[in-house]
Amino acid sequence: MTDKKNKNTETARKIWLAGIGAYGRAFNEVQEGLSKATKGTSKVFDELVEKGEVLETIVTHKGKEAFDKVSESIGDKVGDGFDMDDRIAKMRSRLKRGNHDDSDVEDRLDAIEAKLDEVLKLLTPKKAAPRKAAARKKAASKKPTAKK
Amino acid sequence: MAARSKTKEKILRTTLALLNNEGEVNISSVDIAAVMEISPGNLYYHYKGKDVIIAELFADFESELRQVLSAPVNKPMALEDNWVYLYIIFEEINDFRFFFLNLTSLLERIPELRPKFARLLSLMQQAFERLLSGLENSDHLSFHTDEKSILSERLTAHFTYWLPYANLRGLKGGPKTIIHEGVYAALTQITPHWGAQSEPYAALLKDFLDEQIG
């Protein structure tokens with residue numbers, strides 16, 4: 001694994017963890033700060049990336065700075081879990097839209113799933129082998145007519 | 001499911017609350033009728049016994065959980081939503097906790113629920129496996145052969161038995177705390193698969209839990 005890849009994993013890991021409250025916001029700030037820093041000193045930075053560890057220190061440092069700042073500004077909100085409840089409520093309603101009318105839910109899910117598969121395939125062409133994608137499409141377009 | 005009468009809906013809601021709060025074994029259909037202030041005969045007219053009510057409650061639970069479990073397949077979810085997502089699965093289970101707290105005896109008494117419950121568990125396992133695959137495909141996690149399905153199976157077991165386990169362990173705090181602890185315990189199981197990032201990941205996870213349960 002290269003240093004760069006490590007860095008990406010690290011970045012993604014922080015995003016993943018966070019979301020939930022302050023970390024996410026802190027991370028955005030870190031990124032902004034980092035990209036600013038990188039612009040001015042990109043050459044030096046490239047060298048640093050090769051050595052890896054130096055950048056790590058900067059990330060950690062900037063991260064802490066940003067985190068402290070954000071914690072200050074949102075203060076109690078995070079502490080009493082306000083953000084969390086809000087997030088949970090939002091996702092809950094997103095997951096359970098169209099509740100309590102499940103008579104044809106299975107069919108609708110199948111149709112939606114097939115469509116989304118198609119869209120996802122289009123969005124991520126690198127992962128999908130072209131032949132497979134075509135096969136899916138066929139299956140997806142066949143399905144509704146077969147049901148009727 | 002066709003529309004239910006208001007009375008039926010009220011019977012279901014009352015029964016669910018009673019079973020969850022008082023324990024399934026402690027509540028009879030006479031108790032349900034008493035709390036509803038209707039006669040046992042009237043209750044029997046709507047539902048022929050407690051187990052029939054439980055079967056219908058299960059059907060509701062199944063359709064709710066199905067919606068949640070099929071969601072991440074249908075929607076590309078942001079990574080950061082995973083904690084919240086697991087939390088919601090636990091919330092569903094907690095809303096139906098009398099069932100999970102008395103699983104063995106209920107499935108023996110109402111055997112037709114067994115295949116339905118098994119089906120739901122395998123849906124859950126598939127949902128977890130998809131979640132792990134998503135994280136693997138985006139280079140967050142790495143797995144050896146079969147590890148993913150083993151881990152998702154273990155997570156399913158964790159979700160199935162977390163509430164009775166938390167009870168036995170005497171975990172303190174309200175339902176929210178217990179659910180957050182459960183989500184934390186679930187996520188720590190994927191820690192080793194973060195490879196070089198395992199240690200900082202574990203630390204951040206702990207930080208986050210502390211923030212949630214204060």
# chains A, B, ... in the order shown; residues from 1 in each chain; ligands from 1

call {"tool": "residues_around", "arguments": {"residues": "range 174-177 of chain B", "least_positions_apart": "2", "cutoff": "6 Å", "atoms": "only C-alpha atoms", "output": "list in words"}}
result
Ile179, His180 and Ile213 of chain B

call {"tool": "write_last_selection", "arguments": {"atoms": "N, CA and C atoms", "output": "compact mmCIF listing (two decimals), in the first residue's frame"}}
result
# COMPACT_ATOMS: atom_id res chain seq x y z
N ILE B 179 -28.99 1.08 23.25
CA ILE B 179 -28.87 0.94 21.80
C ILE B 179 -27.52 1.46 21.32
N HIS B 180 -27.12 2.62 21.82
CA HIS B 180 -25.81 3.15 21.40
C HIS B 180 -24.69 2.17 21.78
N ILE B 213 -23.44 8.80 24.86
CA ILE B 213 -24.06 8.39 26.11
C ILE B 213 -23.64 9.27 27.27

call {"tool": "residues_around", "arguments": {"residues": "Ile11 in chain B", "least_positions_apart": "3", "cutoff": "8 Å", "atoms": "only C-alpha atoms", "output": "ChimeraX atom specification"}}
result
/B:7-8,14-15,32,36

call {"tool": "write_last_selection", "arguments": {"atoms": "C-alpha atoms", "output": "PDB file, in the first residue's frame"}}
result
ATOM      1  CA  THR B   7     -60.427  -0.986  17.689  1.00  0.00           C
ATOM      2  CA  LYS B   8     -58.046  -3.526  16.220  1.00  0.00           C
ATOM      3  CA  THR B  14     -52.069  -1.518  23.783  1.00  0.00           C
ATOM      4  CA  THR B  15     -50.871  -5.102  23.657  1.00  0.00           C
ATOM      5  CA  ILE B  32     -55.314  -6.694  27.747  1.00  0.00           C
ATOM      6  CA  MET B  36     -58.569  -1.457  27.228  1.00  0.00           C
TER       7      MET B  36
END

call {"tool": "closest_residue", "arguments": {"among": "B:Lys6, B:Arg169, B:Arg114, B:Arg66", "to": "chain A", "atoms": "only C-alpha atoms"}}
result
B:Arg66

call {"tool": "atom_distance", "arguments": {"atom1": "CA of Tyr201 in chain B", "atom2": "CA of Gly170 in chain B"}}
result
27.5 Å

call {"tool": "atom_distance", "arguments": {"atom1": "CA of Lys90 in chain A", "atom2": "CA of Ser70 in chain B"}}
result
17.0 Å

call {"tool": "atom_distance", "arguments": {"atom1": "CA of Ser149 in chain B", "atom2": "CA of Gln125 in chain B"}}
result
8.0 Å

call {"tool": "residues_around", "arguments": {"residues": "Val68 in chain B", "least_positions_apart": "3", "cutoff": "8 Å", "atoms": "only C-alpha atoms", "output": "mmCIF file with N, CA and C atoms, in the first residue's frame"}}
result
data_model
loop_
_atom_site.group_PDB
_atom_site.id
_atom_site.type_symbol
_atom_site.label_atom_id
_atom_site.label_comp_id
_atom_site.auth_asym_id
_atom_site.auth_seq_id
_atom_site.Cartn_x
_atom_site.Cartn_y
_atom_site.Cartn_z
ATOM 1 N N LEU A 95 -35.977 6.177 5.509
ATOM 2 C CA LEU A 95 -36.036 4.723 5.330
ATOM 3 C C LEU A 95 -37.468 4.218 5.255
ATOM 4 N N LYS A 96 -38.349 4.907 5.946
ATOM 5 C CA LYS A 96 -39.680 4.336 6.080
ATOM 6 C C LYS A 96 -40.763 5.173 5.436
ATOM 7 N N GLU B 64 -41.922 -3.448 8.927
ATOM 8 C CA GLU B 64 -41.106 -2.279 9.273
ATOM 9 C C GLU B 64 -39.618 -2.579 9.081
ATOM 10 N N LEU B 65 -39.208 -3.713 9.630
ATOM 11 C CA LEU B 65 -37.787 -4.036 9.583
ATOM 12 C C LEU B 65 -37.329 -4.288 8.144
ATOM 13 N N ALA B 71 -33.314 -0.870 2.651
ATOM 14 C CA ALA B 71 -32.960 0.492 2.268
ATOM 15 C C ALA B 71 -31.552 0.654 1.702
ATOM 16 N N PRO B 72 -30.526 0.117 2.366
ATOM 17 C CA PRO B 72 -29.189 0.422 1.849
ATOM 18 C C PRO B 72 -28.916 -0.198 0.485
ATOM 19 N N ILE B 88 -31.022 2.625 13.984
ATOM 20 C CA ILE B 88 -32.436 2.478 13.625
ATOM 21 C C ILE B 88 -32.862 1.010 13.609
ATOM 22 N N ILE B 89 -31.967 0.145 13.163
ATOM 23 C CA ILE B 89 -32.289 -1.291 13.220
ATOM 24 C C ILE B 89 -32.540 -1.706 14.668
#

call {"tool": "select_by_dssp", "arguments": {"residues": "range 5-120 of chain B", "states": "helix (DSSP H, G or I)", "output": "MDAnalysis selection string"}}
result
chainID B and resid 6:22 24:26 29:36 40:46 50:74 79:95 97:101 103:109 113:120

call {"tool": "closest_residue", "arguments": {"among": "B:Glu199, B:Glu91, B:Asp207, B:Glu62", "to": "Phe159 in chain B", "atoms": "only C-alpha atoms"}}
result
B:Glu91
